[in-house]
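Structure file work_31.cif (mmCIF, C-alpha atoms) is printed below.
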```cif
data_my_file
loop_
_atom_site.label_atom_id
_atom_site.label_comp_id
_atom_site.auth_asym_id
_atom_site.auth_seq_id
_atom_site.Cartn_x
_atom_site.Cartn_y
_atom_site.Cartn_z
CA MET A 241 -96.28 -3.01 -49.93
CA GLY A 242 -95.19 -0.40 -47.35
CA LYS A 243 -95.68 -0.60 -43.61
CA ASP A 244 -99.12 0.23 -42.28
CA TYR A 245 -98.27 2.36 -39.25
CA TYR A 246 -101.94 2.87 -38.41
CA ARG A 247 -102.48 -0.90 -38.28
CA VAL A 248 -99.40 -1.29 -36.04
CA LEU A 249 -101.00 1.03 -33.48
CA GLY A 250 -104.50 -0.36 -34.01
CA LEU A 251 -105.84 2.88 -35.49
CA GLN A 252 -107.82 4.05 -38.47
CA LYS A 253 -106.12 6.32 -41.01
CA GLY A 254 -106.41 9.98 -40.06
CA ALA A 255 -106.41 9.36 -36.30
CA SER A 256 -105.94 12.44 -34.13
CA GLU A 257 -102.81 13.29 -32.16
CA ASP A 258 -104.52 12.30 -28.91
CA GLU A 259 -105.61 8.96 -30.39
CA VAL A 260 -102.05 8.29 -31.57
CA LYS A 261 -100.66 8.96 -28.07
CA LYS A 262 -103.23 6.70 -26.40
CA ALA A 263 -102.61 3.93 -28.95
CA TYR A 264 -98.84 4.12 -28.44
CA ARG A 265 -99.28 3.96 -24.65
CA ARG A 266 -101.47 0.88 -24.96
CA GLN A 267 -99.34 -0.99 -27.50
CA ALA A 268 -95.96 -0.07 -25.99
CA LEU A 269 -97.01 -1.34 -22.57
CA ARG A 270 -98.43 -4.51 -24.10
CA TYR A 271 -95.27 -5.43 -26.02
CA HIS A 272 -92.51 -3.97 -23.82
CA PRO A 273 -89.86 -6.74 -23.51
CA ASP A 274 -89.62 -6.16 -19.74
CA LYS A 275 -93.19 -7.40 -19.44
CA ASN A 276 -93.90 -9.38 -22.63
CA LYS A 277 -91.60 -12.40 -22.90
CA SER A 278 -93.18 -13.88 -26.03
CA PRO A 279 -91.00 -14.42 -29.14
CA GLY A 280 -90.96 -11.38 -31.38
CA ALA A 281 -92.00 -8.91 -28.65
CA GLU A 282 -88.78 -6.92 -29.04
CA ASP A 283 -89.31 -6.55 -32.81
CA LYS A 284 -92.94 -5.62 -32.27
CA PHE A 285 -91.91 -3.05 -29.65
CA LYS A 286 -89.50 -1.43 -32.12
CA GLU A 287 -92.17 -1.45 -34.86
CA ILE A 288 -94.58 0.33 -32.48
CA ALA A 289 -91.91 2.96 -31.72
CA GLU A 290 -91.31 3.59 -35.42
CA ALA A 291 -95.06 3.94 -36.06
CA TYR A 292 -95.36 6.45 -33.21
CA ASP A 293 -92.28 8.36 -34.40
CA VAL A 294 -93.99 8.92 -37.77
CA LEU A 295 -97.61 9.48 -36.73
CA SER A 296 -96.79 11.80 -33.82
CA ASP A 297 -94.81 14.15 -36.09
CA ALA A 298 -97.09 16.39 -38.15
CA LYS A 299 -94.71 16.68 -41.13
CA LYS A 300 -93.89 12.97 -41.32
CA LYS A 301 -97.55 12.04 -40.83
CA ASP A 302 -98.63 14.36 -43.66
CA VAL A 303 -96.10 12.81 -46.07
CA TYR A 304 -97.04 9.29 -44.96
CA ASP A 305 -100.77 9.92 -45.34
CA ARG A 306 -100.26 11.19 -48.89
CA TYR A 307 -97.54 8.91 -50.22
CA GLY A 308 -97.24 5.96 -47.83
CA GLU A 309 -93.97 4.50 -46.61
CA ASP A 310 -92.33 4.67 -50.06
CA GLY A 311 -92.98 8.40 -50.26
CA LEU A 312 -91.76 8.91 -46.71
CA LYS A 313 -88.51 7.15 -47.53
CA GLY A 314 -88.02 8.98 -50.82
CA HIS A 315 -88.67 6.02 -53.18
CA CYS A 316 -91.55 7.47 -55.18
CA GLY A 317 -91.99 10.34 -57.57
CA GLY A 318 -94.19 12.40 -55.24
CA GLY A 319 -93.27 15.57 -53.45
CA ALA A 320 -91.68 13.60 -50.62
CA ALA A 321 -88.83 12.53 -52.87
CA ASN A 322 -87.53 16.10 -52.93
CA GLY A 323 -86.75 16.11 -49.21
CA PRO A 324 -84.51 13.95 -47.06
CA SER A 325 -85.60 10.33 -46.88
CA TYR A 326 -86.83 8.98 -43.53
CA THR A 327 -85.19 6.09 -41.72
CA PHE A 328 -85.99 5.23 -38.12
CA HIS A 329 -82.75 5.46 -36.10
CA GLY A 330 -84.35 5.93 -32.71
CA ASP A 331 -84.01 3.80 -29.60
CA PRO A 332 -87.48 2.39 -28.80
CA HIS A 333 -86.52 2.08 -25.12
CA ALA A 334 -85.43 5.73 -25.01
CA MET A 335 -88.70 6.73 -26.67
CA PHE A 336 -90.61 4.71 -24.07
CA ALA A 337 -88.66 6.40 -21.27
CA GLU A 338 -89.27 9.83 -22.75
CA PHE A 339 -92.99 9.14 -23.07
CA PHE A 340 -93.50 7.81 -19.54
CA GLY A 341 -90.87 9.89 -17.72
CA GLY A 342 -88.74 6.88 -16.76
CA ARG A 343 -87.15 3.98 -18.66
CA SER A 344 -89.17 1.21 -17.02
CA PRO A 345 -92.39 2.07 -15.20
CA PHE A 346 -93.22 -1.59 -14.62
CA ASP A 347 -91.71 -1.68 -11.15
CA GLN A 348 -94.37 0.84 -10.12
CA PHE A 349 -97.17 -0.37 -12.39
CA PHE A 350 -97.04 -4.03 -11.38
CA SER A 351 -95.51 -4.08 -7.90
CA HIS A 352 -98.87 -3.87 -6.15
CA GLY A 353 -99.34 -7.62 -6.14
CA GLY A 354 -97.18 -9.16 -8.82
CA ASP A 355 -100.31 -10.00 -10.79
CA ASP A 356 -99.11 -10.82 -14.31
CA ASP A 357 -102.71 -11.09 -15.48
CA MET A 358 -103.69 -7.50 -14.74
CA ASP A 359 -105.04 -5.44 -17.63
CA ILE A 360 -101.97 -3.98 -19.37
CA ASP A 361 -104.26 -1.54 -21.17
CA ASP A 362 -104.91 0.18 -17.84
CA PRO A 363 -101.67 -0.02 -15.81
CA PHE A 364 -102.65 3.08 -13.84
CA SER A 365 -105.32 1.13 -11.99
CA ALA A 366 -102.60 0.29 -9.46
CA PHE A 367 -102.70 3.96 -8.45
CA GLY A 368 -106.47 4.29 -8.54
CA MET A 369 -106.15 6.24 -11.81
CA GLY A 370 -108.16 4.06 -14.14
CA GLY A 371 -108.62 5.69 -17.54
CA MET A 372 -105.90 8.30 -16.72
CA GLY A 373 -108.45 10.52 -15.02
CA GLY A 374 -107.05 13.93 -14.13
CA MET A 375 -103.59 13.21 -15.58
CA GLY A 376 -103.82 15.52 -18.57
CA GLY A 377 -102.16 13.16 -21.06
CA MET A 378 -98.79 11.43 -21.24
CA GLY A 379 -95.31 12.18 -22.52
CA GLY A 380 -94.04 13.75 -19.31
CA MET A 381 -96.15 16.89 -19.83
CA GLY A 382 -99.15 16.17 -17.62
CA PHE A 383 -97.79 14.18 -14.67
CA PRO A 384 -98.48 15.43 -11.16
CA ARG A 385 -95.22 16.37 -9.45
CA THR A 386 -95.36 13.47 -6.99
CA PHE A 387 -95.94 10.88 -9.71
CA LYS A 388 -93.07 12.13 -11.89
CA SER A 389 -90.68 11.98 -8.95
CA ARG A 390 -91.64 8.35 -8.26
CA VAL A 391 -91.19 7.17 -11.85
CA GLY A 392 -88.00 9.12 -12.53
CA ALA A 393 -86.33 8.60 -9.13
CA PRO A 394 -82.52 8.58 -9.36
CA HIS A 395 -82.18 5.21 -7.68
CA GLY A 396 -84.11 3.58 -10.53
CA SER A 397 -82.33 5.37 -13.37
CA ARG A 398 -79.76 3.75 -15.62
CA GLU A 399 -76.41 5.13 -16.59
CA LYS A 400 -76.66 7.03 -19.85
CA LYS A 401 -75.15 5.23 -22.84
CA LYS A 402 -74.13 6.78 -26.11
CA ASP A 403 -76.22 5.78 -29.11
CA PRO A 404 -74.38 4.13 -32.03
CA PRO A 405 -73.28 6.43 -34.88
CA VAL A 406 -75.88 7.42 -37.49
CA ILE A 407 -74.34 6.89 -40.94
CA HIS A 408 -75.33 8.85 -44.07
CA GLU A 409 -73.88 8.60 -47.58
CA LEU A 410 -72.62 11.86 -49.06
CA ARG A 411 -72.60 11.66 -52.87
CA VAL A 412 -70.04 13.82 -54.69
CA SER A 413 -69.16 14.19 -58.37
CA LEU A 414 -65.64 13.81 -59.75
CA GLU A 415 -65.67 17.52 -60.58
CA GLU A 416 -66.41 18.30 -56.91
CA VAL A 417 -63.56 16.02 -55.81
CA PHE A 418 -61.30 17.71 -58.40
CA SER A 419 -61.95 21.29 -57.24
CA GLY A 420 -63.31 20.84 -53.70
CA CYS A 421 -66.70 22.15 -52.57
CA THR A 422 -68.98 22.87 -49.63
CA LYS A 423 -72.02 20.72 -48.88
CA LYS A 424 -74.76 21.81 -46.50
CA MET A 425 -76.76 18.93 -45.03
CA LYS A 426 -80.02 19.55 -43.18
CA ILE A 427 -80.84 17.15 -40.35
CA SER A 428 -83.81 16.94 -38.00
CA ARG A 429 -83.04 15.90 -34.45
CA LYS A 430 -84.47 15.86 -30.92
CA ARG A 431 -82.98 18.07 -28.21
CA LEU A 432 -83.64 18.18 -24.46
CA ASN A 433 -85.43 21.20 -23.08
CA THR A 434 -84.07 23.02 -20.05
CA ASP A 435 -86.28 20.96 -17.72
CA GLY A 436 -84.15 17.92 -18.55
CA CYS A 437 -87.22 15.76 -19.27
CA SER A 438 -89.19 16.99 -22.26
CA VAL A 439 -87.73 17.21 -25.76
CA ARG A 440 -88.24 19.33 -28.84
CA THR A 441 -87.58 18.65 -32.51
CA GLU A 442 -85.28 21.06 -34.28
CA ASP A 443 -83.56 21.33 -37.66
CA LYS A 444 -79.85 22.01 -38.03
CA ILE A 445 -77.57 22.64 -40.99
CA LEU A 446 -74.31 20.68 -40.93
CA THR A 447 -71.61 22.10 -43.20
CA VAL A 448 -69.20 19.64 -44.83
CA GLU A 449 -66.07 20.98 -46.53
CA ILE A 450 -65.15 18.51 -49.28
CA LYS A 451 -61.38 18.75 -49.71
CA ARG A 452 -59.69 18.33 -53.09
CA GLY A 453 -58.84 14.72 -53.83
CA TRP A 454 -60.84 13.14 -51.02
CA LYS A 455 -61.14 9.41 -51.56
CA GLU A 456 -64.37 7.44 -51.60
CA GLY A 457 -65.02 6.17 -48.08
CA THR A 458 -63.68 9.30 -46.34
CA LYS A 459 -65.69 9.86 -43.15
CA ILE A 460 -66.73 13.21 -41.69
CA THR A 461 -67.97 13.00 -38.09
CA PHE A 462 -70.14 15.51 -36.23
CA PRO A 463 -69.96 14.49 -32.56
CA LYS A 464 -73.20 14.17 -30.57
CA GLU A 465 -75.48 15.71 -33.20
CA GLY A 466 -78.02 12.86 -33.03
CA ASP A 467 -81.24 12.66 -31.02
CA GLU A 468 -81.01 13.64 -27.36
CA THR A 469 -83.36 12.24 -24.68
CA PRO A 470 -83.27 12.07 -20.88
CA THR A 471 -81.78 8.58 -21.05
CA ASN A 472 -79.11 8.72 -23.77
CA ILE A 473 -75.97 10.44 -24.96
CA PRO A 474 -76.60 11.68 -28.51
CA ALA A 475 -75.10 9.67 -31.34
CA ASP A 476 -72.42 11.01 -33.66
CA ILE A 477 -73.61 11.88 -37.16
CA VAL A 478 -71.19 10.43 -39.73
CA PHE A 479 -71.15 11.24 -43.44
CA VAL A 480 -69.32 8.81 -45.74
CA VAL A 481 -68.11 10.13 -49.11
CA LYS A 482 -69.40 8.15 -52.10
CA ASP A 483 -68.62 8.87 -55.77
CA LYS A 484 -71.47 9.71 -58.09
CA THR A 485 -71.48 7.75 -61.33
CA HIS A 486 -69.80 9.90 -63.99
CA ALA A 487 -71.01 10.13 -67.60
CA VAL A 488 -67.48 9.96 -69.04
CA PHE A 489 -64.89 8.80 -66.54
CA ARG A 490 -64.54 6.23 -63.85
CA ARG A 491 -62.26 6.59 -60.88
CA ASP A 492 -59.32 4.44 -59.83
CA GLY A 493 -57.88 6.03 -56.71
CA CYS A 494 -56.39 9.35 -57.83
CA ASP A 495 -56.42 8.27 -61.50
CA ILE A 496 -59.35 8.67 -63.88
CA ILE A 497 -60.08 6.17 -66.65
CA TYR A 498 -61.31 7.42 -70.03
CA PRO A 499 -62.67 4.78 -72.48
CA ALA A 500 -61.30 5.85 -75.89
CA ARG A 501 -63.42 4.24 -78.57
CA ILE A 502 -61.72 3.82 -81.96
CA SER A 503 -62.48 1.95 -85.16
CA LEU A 504 -60.63 -1.16 -86.33
CA ARG A 505 -59.07 0.91 -89.10
CA ASP A 506 -57.74 3.43 -86.58
CA ALA A 507 -56.47 0.63 -84.39
CA LEU A 508 -54.45 -0.84 -87.28
CA CYS A 509 -53.36 2.31 -89.09
CA GLY A 510 -52.95 4.86 -86.31
CA CYS A 511 -55.20 7.61 -85.05
CA SER A 512 -55.63 10.75 -82.96
CA VAL A 513 -57.98 10.80 -79.98
CA SER A 514 -59.34 13.95 -78.31
CA ALA A 515 -59.76 13.23 -74.60
CA PRO A 516 -61.73 15.60 -72.32
CA THR A 517 -60.42 16.67 -68.90
CA LEU A 518 -62.19 17.37 -65.61
CA ASP A 519 -61.44 21.10 -65.87
CA GLY A 520 -63.06 21.52 -69.31
CA ARG A 521 -60.01 21.26 -71.58
CA SER A 522 -59.29 18.59 -74.17
CA ILE A 523 -56.06 16.73 -74.85
CA THR A 524 -55.11 15.23 -78.21
CA VAL A 525 -53.35 11.88 -78.07
CA THR A 526 -51.79 10.52 -81.26
CA SER A 527 -50.70 6.95 -81.86
CA ARG A 528 -48.98 5.46 -84.92
CA ASP A 529 -48.67 2.00 -83.41
CA VAL A 530 -51.11 -0.87 -83.77
CA ILE A 531 -53.58 -0.60 -80.91
CA LYS A 532 -54.90 -3.84 -79.49
CA PRO A 533 -58.22 -4.01 -77.58
CA GLY A 534 -57.67 -3.17 -73.92
CA MET A 535 -54.38 -1.32 -74.46
CA LYS A 536 -53.87 1.70 -72.20
CA LYS A 537 -52.04 4.98 -72.54
CA ARG A 538 -51.26 7.12 -69.51
CA ILE A 539 -51.36 10.93 -69.53
CA VAL A 540 -49.36 12.03 -66.51
CA GLY A 541 -50.80 14.67 -64.17
CA GLU A 542 -54.32 14.88 -65.63
CA GLY A 543 -56.11 12.91 -62.92
CA LEU A 544 -57.49 13.89 -59.50
CA PRO A 545 -55.53 15.72 -56.80
CA LEU A 546 -53.80 13.54 -54.23
CA SER A 547 -55.73 13.76 -50.96
CA LYS A 548 -52.58 14.18 -48.86
CA CYS A 549 -50.87 16.51 -51.34
CA PRO A 550 -53.53 18.36 -53.40
CA ASP A 551 -50.87 20.23 -55.43
CA LYS A 552 -49.98 16.92 -57.09
CA ARG A 553 -52.32 14.96 -59.31
CA GLY A 554 -52.84 11.43 -60.50
CA ASP A 555 -53.03 10.46 -64.17
CA MET A 556 -55.63 10.10 -66.87
CA VAL A 557 -55.57 6.63 -68.36
CA LEU A 558 -56.91 6.14 -71.88
CA GLU A 559 -58.35 2.65 -72.12
CA PHE A 560 -58.79 1.82 -75.82
CA VAL A 561 -61.98 0.14 -76.94
CA VAL A 562 -61.76 -1.12 -80.54
CA LYS A 563 -65.03 -1.20 -82.47
CA PHE A 564 -65.09 -4.11 -84.91
CA PRO A 565 -67.40 -4.06 -87.95
CA ASP A 566 -70.46 -6.28 -87.74
CA LYS A 567 -69.76 -7.80 -91.19
CA LEU A 568 -67.51 -7.44 -94.27
CA CYS A 569 -68.42 -7.51 -97.93
CA PRO A 570 -66.64 -10.18 -100.03
CA SER A 571 -64.35 -7.71 -101.80
CA THR A 572 -63.17 -6.21 -98.51
CA ARG A 573 -62.59 -9.65 -97.08
CA ASP A 574 -60.54 -10.67 -100.12
CA ALA A 575 -58.50 -7.49 -99.93
CA LEU A 576 -57.75 -8.04 -96.25
CA LEU A 577 -56.69 -11.61 -96.95
CA GLN A 578 -54.15 -10.29 -99.41
CA ILE A 579 -52.92 -7.44 -97.23
CA LEU A 580 -52.86 -8.82 -93.70
CA PRO A 581 -50.15 -11.29 -92.79
CA PRO A 582 -51.26 -14.76 -91.66
CA GLN A 583 -51.00 -15.47 -87.97
#
```

Render the structure in this file as structure tokens.
Amino acid sequence: MGKDYYRVLGLQKGASEDEVKKAYRRQALRYHPDKNKSPGAEDKFKEIAEAYDVLSDAKKKDVYDRYGEDGLKGHCGGGAANGPSYTFHGDPHAMFAEFFGGRSPFDQFFSHGGDDDMDIDDPFSAFGMGGMGGMGGMGGMGFPRTFKSRVGAPHGSREKKKDPPVIHELRVSLEEVFSGCTKKMKISRKRLNTDGCSVRTEDKILTVEIKRGWKEGTKITFPKEGDETPTNIPADIVFVVKDKTHAVFRRDGCDIIYPARISLRDALCGCSVSAPTLDGRSITVTSRDVIKPGMKKRIVGEGLPLSKCPDKRGDMVLEFVVKFPDKLCPSTRDALLQILPPQ
């Protein structure tokens, strides 16, 4: 069962943008760890931020309304699975700061008398602004100039810290590792506007040049391409190379393993095996020796390029798999008893 983001914010499905903003304001103030010291408040605060991140974005909200969380995260067969899957990487405290124009408004909201029992649903009552009258909404877009300067005053700001790296897997085929390729990855991120307070969402294409022979686990880093807010230094975006499962081969460093399946007769009497290569050729390997199950034969220079020296290549290793018959007829068994030496 996926997450019910509407329930997290206390809303009905299909709520308007204004209702989503008001619900986030109410719930975020209620569960902010600076004010709410109950167990689980931090987790609830993050859950509220994730719900707002989805429902305040028209594209994400549309996918979520149609397919639910599974569709949003690319786990269903709907149209959402064709696009990049969603994972919340945001900082709920940075989102709170962006929404209110300062990381912690509680010093202003609750300093009027230290009354911990005041109505957290209406923190603006301390300013005589009950119900947000005349404020024109939240998110740093409708604050009067004097109010914004009080909340975002330099003496109350924190030193910006860099967000942790955002890691993505980059799946590549053995053919792509063999020849090299270019991958274009589309990301969606938040960027600061010129006013230094409000943010916009923008898409960007990151180009990754996959070099010949790159090993699984190779990391490609794009510095500071993550979300940017007034209170953070954007995270690095890091792609980690992962091998796609291949239909024929499996990889062992710069070598490729080819399972050569032969019959018991071929194993005992000799055989020729036609092995495919990554560049579309085939290589014939002949053996006149007895082949035992698990035996290997190495074909030098037919593997993957070496990452540090792409002009050189690893090997192809034929790993013999002997297919035994399920049963023998009596005459065949008798003949084998006469022919094969006893152990």

### Query
Using only C-alpha atoms, which residues sit within 12 Å of Asp529 of chain A once same-chain residues fewer than 5 positions away are excluded, as a list in words?
Arg505, Asp506, Ala507, Leu508, Cys509, Gly510, Cys511, Ser512, Met535 and Lys537 of chain A

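Here atom CA of Pro463 of chain A is placed at a distance of 9.0 Å from atom CA of Pro405 of chain A.
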
### Message
Taking 4 positions as the minimum chain separation for residues in the same chain, which residues sit within 7 Å of Val439 of chain A when counting all atoms listed in the file? Answer as a PyMOL selection string.
### Response
chain A and resi 430-433+469

### Message
Counting only C-alpha atoms, which residues have an atom no more than 12 Å from (-102.5, 4.3, -28.9) in the file's coordinates? Please list them as a PyMOL selection string.
### Response
chain A and resi 245-252+255-270+288-289+291-292+295-296+361+377-378

### Top pick for closest residue to Thr517 of chain A, considering A:Asp551, A:Glu415, A:Asp574, A:Asp403 and counting all atoms listed in the file
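Smallest separation from Thr517 of chain A among the options: A:Glu415.
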
## Note on the structure
One decimal place gives the atom CA of Ala281 of chain A-atom CA of Gly330 of chain A separation as 17.2 Å

### Message
I'd like the residues picked by the PyMOL selection byres ((chain A and resi 472-481) around 8) written out as a ChimeraX atom specification, using the chain letters and numbers from the file.
### Response
/A:334,400-412,455-471,482-483

### Message
What would the selection look like, as a PyMOL selection string, if the PyMOL selection byres ((chain A and resi 441) around 6) were run on the coordinates I just shared?
### Response
chain A and resi 429-430+440+442

### Message
Could you list, as an NGL selection string, every residue matched by the PyMOL selection byres ((chain A and resi 420) around 7) in this structure?
### Response
:A and (416-419 or 421 or 450-452)

### Task
Determine the nearest neighbour of Pro533 of chain A from the options A:Asp331, A:Asp519, A:Asp302, A:Glu559, counting all atoms listed in the file.
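Selected residue with least distance to Pro533 of chain A: A:Glu559.
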
### Pick from A:Arg306, A:Lys532, A:His486, A:Lys313 nearest to Ser503 of chain A, counting only C-alpha atoms
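Once distances to Ser503 of chain A are computed over only C-alpha atoms, the minimum belongs to A:Lys532.
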
#### Entry: d(atom CA of Gly493 of chain A, atom CA of Val513 of chain A) in Å
23.8 Å

### Query
Do you know which residues are at most 8 Å from Gly242 of chain A counting all atoms listed in the file, after dropping those on the same chain fewer than 4 positions away, and could you put them as a ChimeraX atom specification?
/A:308-310

#### Entry: Counting only C-alpha atoms, the option among A:Pro545, A:Tyr304, A:Val525, A:Phe336 closest to Tyr271 of chain A
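Counting only C-alpha atoms, the residue closest to Tyr271 of chain A is A:Phe336.
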
### Query
From the list A:Gly520, A:Lys277, A:Phe339, A:Arg490, which residue is nearest Cys437 of chain A when using all atoms listed in the file?
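Checking each of A:Gly520, A:Lys277, A:Phe339, A:Arg490 against Cys437 of chain A, counting all atoms listed in the file, the winner is A:Phe339.
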
### Message
Nearest residue to Lys552 of chain A out of A:Gly453, A:Pro516, A:Pro279, A:Pro570, using only C-alpha atoms?
### Response
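Checking each of A:Gly453, A:Pro516, A:Pro279, A:Pro570 against Lys552 of chain A, counting only C-alpha atoms, the winner is A:Gly453.
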
### Task
Do a neighbour search on Val557 of chain A at 8 Å with all atoms listed in the file, toss out local chain neighbours closer than 3 positions, and write the hits as a ChimeraX atom specification.
/A:495-498,536-539
